[in-house]
>>> print(open('data-v9.csv').read())   # CSV, C-alpha atoms
chain,number,residue,atom,x,y,z
A,1078,MET,CA,70.6,52.6,-19.2
A,1079,GLY,CA,67.5,50.8,-20.5
A,1080,LEU,CA,64.9,48.7,-18.8
A,1081,GLU,CA,66.9,45.6,-19.5
A,1082,GLU,CA,69.5,46.6,-17.0
A,1083,LYS,CA,66.9,47.0,-14.2
A,1084,LEU,CA,65.5,43.5,-14.7
A,1085,PRO,CA,66.9,40.4,-12.9
A,1086,ALA,CA,68.9,37.9,-15.1
A,1087,GLY,CA,66.9,35.5,-17.2
A,1088,PHE,CA,64.3,38.0,-18.7
A,1089,VAL,CA,64.1,38.8,-22.3
A,1090,LEU,CA,61.9,41.6,-23.7
A,1091,THR,CA,60.5,41.0,-27.2
A,1092,THR,CA,57.2,40.8,-29.0
A,1093,LEU,CA,55.2,37.7,-29.9
A,1094,GLU,CA,55.7,38.5,-33.6
A,1095,ASN,CA,59.5,38.5,-33.2
A,1096,VAL,CA,59.5,35.1,-31.4
A,1097,VAL,CA,57.2,33.5,-33.9
A,1098,GLY,CA,59.2,35.0,-36.8
A,1099,TYR,CA,62.5,33.6,-35.3
A,1100,MET,CA,61.0,30.2,-34.8
A,1101,ARG,CA,59.6,30.1,-38.4
A,1102,LYS,CA,62.8,31.2,-40.0
A,1103,ALA,CA,64.8,28.7,-38.1
A,1104,SER,CA,62.6,25.7,-39.1
A,1105,ILE,CA,62.1,26.0,-42.8
A,1106,TRP,CA,62.0,22.7,-44.8
A,1107,PRO,CA,62.3,23.3,-48.6
A,1108,ALA,CA,60.4,21.2,-51.1
A,1109,THR,CA,62.5,19.8,-53.9
A,1110,PHE,CA,61.3,21.2,-57.2
A,1111,GLY,CA,64.3,21.1,-59.6
A,1112,LEU,CA,63.2,21.5,-63.2
A,1113,ALA,CA,66.4,22.2,-65.1
A,1114,CYS,CA,70.1,23.1,-64.7
A,1115,CYS,CA,69.4,25.4,-61.7
A,1116,ALA,CA,68.5,22.3,-59.8
A,1117,ILE,CA,72.2,21.2,-59.9
A,1118,GLU,CA,73.1,24.4,-58.1
A,1119,MET,CA,70.3,23.9,-55.6
A,1120,MET,CA,71.6,20.4,-54.9
A,1121,ALA,CA,75.1,21.8,-54.4
A,1122,VAL,CA,73.8,23.9,-51.5
A,1123,GLY,CA,73.3,20.7,-49.6
A,1124,THR,CA,76.9,19.6,-49.9
A,1125,PRO,CA,79.5,20.3,-47.1
A,1126,ASP,CA,81.1,23.1,-49.2
A,1127,TYR,CA,78.0,25.3,-48.7
A,1128,ASP,CA,76.3,23.5,-45.8
A,1129,ILE,CA,72.6,24.6,-45.8
A,1130,ALA,CA,72.3,22.6,-42.6
A,1131,ARG,CA,73.6,25.6,-40.6
A,1132,PHE,CA,70.2,27.2,-41.4
A,1133,GLY,CA,68.3,24.0,-40.3
A,1134,MET,CA,67.3,23.3,-43.9
A,1135,GLU,CA,69.2,20.2,-44.7
A,1136,ARG,CA,66.1,18.1,-45.0
A,1137,PHE,CA,64.7,18.7,-48.5
A,1138,SER,CA,61.1,17.3,-48.3
A,1139,ALA,CA,59.9,14.9,-51.0
A,1140,THR,CA,56.3,15.6,-50.0
A,1141,PRO,CA,54.8,19.1,-50.1
A,1142,ARG,CA,52.8,18.4,-47.0
A,1143,GLN,CA,56.0,18.6,-44.9
A,1144,ALA,CA,57.5,21.6,-46.6
A,1145,ASP,CA,57.2,25.4,-46.1
A,1146,LEU,CA,59.5,26.7,-48.9
A,1147,MET,CA,59.3,25.9,-52.6
A,1148,ILE,CA,62.5,26.6,-54.5
A,1149,VAL,CA,61.4,26.6,-58.2
A,1150,ALA,CA,64.8,25.9,-59.8
A,1151,GLY,CA,64.7,26.1,-63.6
A,1152,ARG,CA,62.3,26.8,-66.5
A,1153,VAL,CA,58.6,25.9,-66.0
A,1154,SER,CA,56.9,24.5,-69.1
A,1155,ASN,CA,53.2,24.9,-69.7
A,1156,LYS,CA,52.8,21.2,-69.2
A,1157,MET,CA,54.5,21.4,-65.8
A,1158,ALA,CA,52.6,24.5,-64.6
A,1159,PRO,CA,49.5,22.7,-63.2
A,1160,VAL,CA,51.9,20.4,-61.2
A,1161,VAL,CA,53.7,23.4,-59.8
A,1162,ARG,CA,50.4,24.9,-58.7
A,1163,GLN,CA,49.2,21.6,-57.2
A,1164,VAL,CA,52.4,21.1,-55.2
A,1165,TYR,CA,52.1,24.7,-53.9
A,1166,ASP,CA,48.5,24.2,-52.9
A,1167,GLN,CA,49.4,21.0,-51.0
A,1168,MET,CA,52.0,22.9,-48.9
A,1169,PRO,CA,50.7,24.0,-45.4
A,1170,ASN,CA,50.5,27.7,-44.5
A,1171,PRO,CA,52.5,29.7,-44.0
A,1172,LYS,CA,54.6,29.0,-47.1
A,1173,TRP,CA,57.2,30.8,-49.2
A,1174,VAL,CA,58.5,30.6,-52.7
A,1175,ILE,CA,62.0,31.3,-54.2
A,1176,SER,CA,62.1,31.7,-57.9
A,1177,MET,CA,65.6,30.4,-58.7
A,1178,GLY,CA,67.2,31.4,-62.0
A,1179,VAL,CA,66.2,33.7,-64.8
A,1180,CYS,CA,64.1,31.0,-66.5
A,1181,ALA,CA,61.9,30.5,-63.4
A,1182,SER,CA,61.7,34.3,-62.9
A,1183,SER,CA,60.9,35.5,-66.4
A,1184,GLY,CA,61.2,32.6,-68.9
A,1185,GLY,CA,64.8,33.5,-69.6
A,1186,MET,CA,66.1,32.9,-73.1
A,1187,PHE,CA,63.0,30.6,-73.8
A,1188,ASN,CA,60.6,33.3,-75.1
A,1189,ASN,CA,58.2,30.8,-76.7
A,1190,TYR,CA,54.8,29.2,-76.4
A,1191,ALA,CA,56.1,26.2,-74.4
A,1192,ILE,CA,57.7,28.0,-71.4
A,1193,VAL,CA,55.8,30.0,-68.7
A,1194,GLN,CA,57.2,33.5,-68.8
A,1195,GLY,CA,57.7,33.7,-65.0
A,1196,VAL,CA,56.5,31.3,-62.3
A,1197,ASP,CA,54.7,34.3,-60.7
A,1198,HIS,CA,52.0,33.7,-63.3
A,1199,ILE,CA,51.2,30.5,-61.4
A,1200,ILE,CA,52.1,31.0,-57.8
A,1201,PRO,CA,53.1,34.0,-55.6
A,1202,VAL,CA,56.9,34.5,-55.4
A,1203,ASP,CA,58.7,36.0,-52.3
A,1204,ILE,CA,62.3,36.1,-53.6
A,1205,TYR,CA,63.5,36.3,-57.2
A,1206,LEU,CA,67.0,35.0,-57.6
A,1207,PRO,CA,68.7,36.0,-60.9
A,1208,GLY,CA,71.4,34.2,-62.8
A,1209,CYS,CA,71.8,31.5,-65.4
A,1210,PRO,CA,72.4,29.4,-63.4
A,1211,PRO,CA,72.8,31.2,-60.0
A,1212,ARG,CA,75.7,30.1,-57.9
A,1213,PRO,CA,75.0,28.2,-54.6
A,1214,GLU,CA,76.2,31.3,-52.7
A,1215,MET,CA,73.5,33.3,-54.4
A,1216,LEU,CA,70.9,30.8,-53.3
A,1217,LEU,CA,72.2,31.0,-49.7
A,1218,ASN,CA,71.9,34.8,-49.9
A,1219,ALA,CA,68.3,34.5,-51.1
A,1220,ILE,CA,67.6,32.2,-48.2
A,1221,ILE,CA,69.1,34.8,-45.8
A,1222,GLU,CA,66.9,37.5,-47.4
A,1223,LEU,CA,63.9,35.2,-47.0
A,1224,HIS,CA,64.8,34.7,-43.4
A,1225,ASP,CA,64.8,38.4,-42.9
A,1226,GLN,CA,61.3,38.7,-44.5
A,1227,ILE,CA,60.0,35.9,-42.3
A,1228,GLN,CA,61.5,37.4,-39.1
A,1229,ASN,CA,59.9,40.7,-39.8
A,1230,SER,CA,56.5,39.4,-41.0
A,1231,LYS,CA,53.3,40.4,-39.2
A,1232,LEU,CA,50.8,38.2,-37.5
A,1233,GLY,CA,47.0,38.1,-37.6
A,1234,VAL,CA,45.2,41.3,-38.6
A,1235,ASN,CA,48.6,43.1,-39.2
A,1236,ARG,CA,49.5,40.3,-41.7
A,1237,VAL,CA,46.3,40.7,-43.6
A,1238,ALA,CA,46.7,44.5,-43.8
A,1239,ALA,CA,50.3,44.1,-45.0
A,1240,ALA,CA,49.3,41.6,-47.7
A,1241,ARG,CA,46.5,43.9,-48.9
A,1242,ALA,CA,48.9,46.8,-49.1
A,1243,ALA,CA,51.5,44.8,-51.0
A,1244,GLU,CA,48.8,43.6,-53.5
A,1245,GLU,CA,47.5,47.1,-54.0
A,1246,ALA,CA,51.0,48.4,-54.7
A,1247,ALA,CA,51.6,45.6,-57.2
A,1248,LEU,CA,48.3,46.4,-59.0
A,1249,ARG,CA,49.3,50.1,-59.2
A,1250,ALA,CA,52.8,49.3,-60.6
A,1251,THR,CA,53.4,49.9,-64.3
A,1252,PRO,CA,53.8,46.6,-66.3
A,1253,THR,CA,57.3,46.3,-67.7
A,1254,HIS,CA,56.0,46.2,-71.3
A,1255,LEU,CA,54.5,49.7,-70.8
A,1256,MET,CA,57.6,51.2,-69.3
A,1257,PRO,CA,59.7,53.6,-71.4
A,1258,PRO,CA,62.9,52.1,-72.8
A,1259,THR,CA,66.0,52.7,-70.6
A,1260,HIS,CA,68.4,53.2,-73.5
A,1261,ASP,CA,68.3,53.8,-77.3
A,1262,HIS,CA,69.3,51.1,-79.7
A,1263,GLY,CA,68.9,53.4,-82.7
A,1264,ALA,CA,72.4,54.8,-82.2
A,1265,LEU,CA,74.0,51.4,-82.8
A,1266,THR,CA,74.8,50.7,-86.4
A,1267,ALA,CA,76.3,47.5,-87.6
A,1268,THR,CA,79.2,47.6,-90.0
A,1269,PRO,CA,78.3,45.7,-93.1
A,1270,GLY,CA,80.3,42.4,-93.4
A,1271,LYS,CA,81.2,40.2,-96.2
A,1272,ASN,CA,78.3,38.2,-97.7
A,1273,LEU,CA,79.4,34.6,-97.4
A,1274,LEU,CA,76.6,33.4,-99.7
A,1275,ALA,CA,77.7,35.5,-102.7
>>> encode(input="data-v9.csv", output="structure tokens")
Amino acid sequence: MGLEEKLPAGFVLTTLENVVGYMRKASIWPATFGLACCAIEMMAVGTPDYDIARFGMERFSATPRQADLMIVAGRVSNKMAPVVRQVYDQMPNPKWVISMGVCASSGGMFNNYAIVQGVDHIIPVDIYLPGCPPRPEMLLNAIIELHDQIQNSKLGVNRVAAARAAEEAALRATPTHLMPPTHDHGALTATPGKNLLA
């Protein structure tokens, strides 16, 4: 019993933001940026088993100037960090980033001087995808989540206000190294074993 039933056939009621969001989410071209083992899983998404073509994303762009999504798949070394930033800067706006795998998201098991401890130190990240390496199904789920973000994103002045609110919330957040521990390791005691060197 809404307004839609009173209109003649062929009319659709929506907002400009919804139409633009739908068009953007249905026309994303990812940039290839595979850095380690996660890249194999990213490549698997293009095979017929997982079929990324159903999202209109089968064309992985070899040039950043024709891509709107960067999938950072794998660990980022300090030597590669300026290249990641340069490729990101060359992508046209609007652009989005998926951090694929625990190494891209937080440095993973490589907690040393050579690996960037999270690609978000270099570029802004929209979706963090955990796993070592994440399965292709997980990447498809991250893409669907990104589609939902793009569909519901604001335009113009509303977009600027939403970005400022998100940045202020991020600045107010407590850094993880200052958070209290979630569990106590003091209760764990190792049983002494046999000394093999004696």
>>> closest_residue(input="data-v9.csv", among="A:Phe1132, A:Tyr1190, A:Phe1110, A:Tyr1165", to="A:Ala1150", atoms="all atoms listed in the file")
A:Phe1110
>>> atom_distance(input="data-v9.csv", atom1="atom CA of A:Asp1128", atom2="atom CA of A:Ser1104")
15.4 Å
>>> closest_residue(input="data-v9.csv", among="A:Met1215, A:Ala1239, A:Ile1105, A:Ile1221", to="A:Asp1145", atoms="all atoms listed in the file")
A:Ile1105
>>> closest_residue(input="data-v9.csv", among="A:His1198, A:Arg1152, A:Arg1162, A:Arg1101", to="A:His1224", atoms="only C-alpha atoms")
A:Arg1101
>>> closest_atom_pairs(input="data-v9.csv", of="stretch 1181-1260 of chain A", to="stretch 1116-1127 of chain A", cutoff="10 Å", atoms="only C-alpha atoms", output="JSON lines")
{"residue": "A:Pro1210", "atom": "CA", "partner": "A:Glu1118", "partner_atom": "CA", "distance": 7.3}
{"residue": "A:Pro1211", "atom": "CA", "partner": "A:Glu1118", "partner_atom": "CA", "distance": 7.1}
{"residue": "A:Arg1212", "atom": "CA", "partner": "A:Glu1118", "partner_atom": "CA", "distance": 6.3}
{"residue": "A:Pro1213", "atom": "CA", "partner": "A:Val1122", "partner_atom": "CA", "distance": 5.4}
{"residue": "A:Glu1214", "atom": "CA", "partner": "A:Tyr1127", "partner_atom": "CA", "distance": 7.4}
{"residue": "A:Met1215", "atom": "CA", "partner": "A:Glu1118", "partner_atom": "CA", "distance": 9.6}
{"residue": "A:Leu1216", "atom": "CA", "partner": "A:Met1119", "partner_atom": "CA", "distance": 7.3}
{"residue": "A:Leu1217", "atom": "CA", "partner": "A:Val1122", "partner_atom": "CA", "distance": 7.5}
>>> closest_residue(input="data-v9.csv", among="A:Pro1258, A:Gly1178, A:Gly1151, A:Pro1141", to="A:Ala1219", atoms="all atoms listed in the file")
A:Gly1178
>>> atom_distance(input="data-v9.csv", atom1="atom CA of A:Lys1231", atom2="atom CA of A:Gln1167")
23.0 Å
>>> atom_distance(input="data-v9.csv", atom1="atom CA of A:Gln1163", atom2="atom CA of A:Glu1244")
22.3 Å
>>> residues_around(input="data-v9.csv", residues="A:Glu1094", least_positions_apart="4", cutoff="8 Å", atoms="all atoms listed in the file", output="number ranges by chain")
A: 1098, 1229-1232
>>> closest_residue(input="data-v9.csv", among="A:Thr1092, A:Thr1140, A:Gln1228, A:Ser1183", to="A:Pro1107", atoms="only C-alpha atoms")
A:Thr1140
>>> residues_near_point(input="data-v9.csv", point="(57.9, 28.7, -69.4)", cutoff="6 Å", atoms="all atoms listed in the file", output="list in words")
Arg1152, Val1153, Ser1154, Gly1184, Ala1191, Ile1192, Val1193 and Gln1194 of chain A
>>> residues_near_point(input="data-v9.csv", point="(52.4, 21.7, -57.6)", cutoff="12 Å", atoms="all atoms listed in the file", output="list of chain:residue names")
A:Ala1108, A:Thr1109, A:Phe1110, A:Thr1140, A:Pro1141, A:Arg1142, A:Met1147, A:Ile1148, A:Val1149, A:Val1153, A:Lys1156, A:Met1157, A:Ala1158, A:Pro1159, A:Val1160, A:Val1161, A:Arg1162, A:Gln1163, A:Val1164, A:Tyr1165, A:Asp1166, A:Gln1167, A:Met1168, A:Val1174, A:Val1196, A:Ile1199, A:Ile1200
>>> write_last_selection(input="data-v9.csv", atoms="C-alpha atoms", output="short mmCIF file (atom, residue, chain, number, x, y, z; two decimals), in the coordinates of the input")
data_model
loop_
_atom_site.label_atom_id
_atom_site.label_comp_id
_atom_site.auth_asym_id
_atom_site.auth_seq_id
_atom_site.Cartn_x
_atom_site.Cartn_y
_atom_site.Cartn_z
CA ALA A 1108 60.40 21.20 -51.10
CA THR A 1109 62.50 19.80 -53.90
CA PHE A 1110 61.30 21.20 -57.20
CA THR A 1140 56.30 15.60 -50.00
CA PRO A 1141 54.80 19.10 -50.10
CA ARG A 1142 52.80 18.40 -47.00
CA MET A 1147 59.30 25.90 -52.60
CA ILE A 1148 62.50 26.60 -54.50
CA VAL A 1149 61.40 26.60 -58.20
CA VAL A 1153 58.60 25.90 -66.00
CA LYS A 1156 52.80 21.20 -69.20
CA MET A 1157 54.50 21.40 -65.80
CA ALA A 1158 52.60 24.50 -64.60
CA PRO A 1159 49.50 22.70 -63.20
CA VAL A 1160 51.90 20.40 -61.20
CA VAL A 1161 53.70 23.40 -59.80
CA ARG A 1162 50.40 24.90 -58.70
CA GLN A 1163 49.20 21.60 -57.20
CA VAL A 1164 52.40 21.10 -55.20
CA TYR A 1165 52.10 24.70 -53.90
CA ASP A 1166 48.50 24.20 -52.90
CA GLN A 1167 49.40 21.00 -51.00
CA MET A 1168 52.00 22.90 -48.90
CA VAL A 1174 58.50 30.60 -52.70
CA VAL A 1196 56.50 31.30 -62.30
CA ILE A 1199 51.20 30.50 -61.40
CA ILE A 1200 52.10 31.00 -57.80
#
>>> closest_residue(input="data-v9.csv", among="A:Ala1243, A:Leu1146, A:Met1186, A:Cys1114", to="A:Asn1170", atoms="only C-alpha atoms")
A:Leu1146
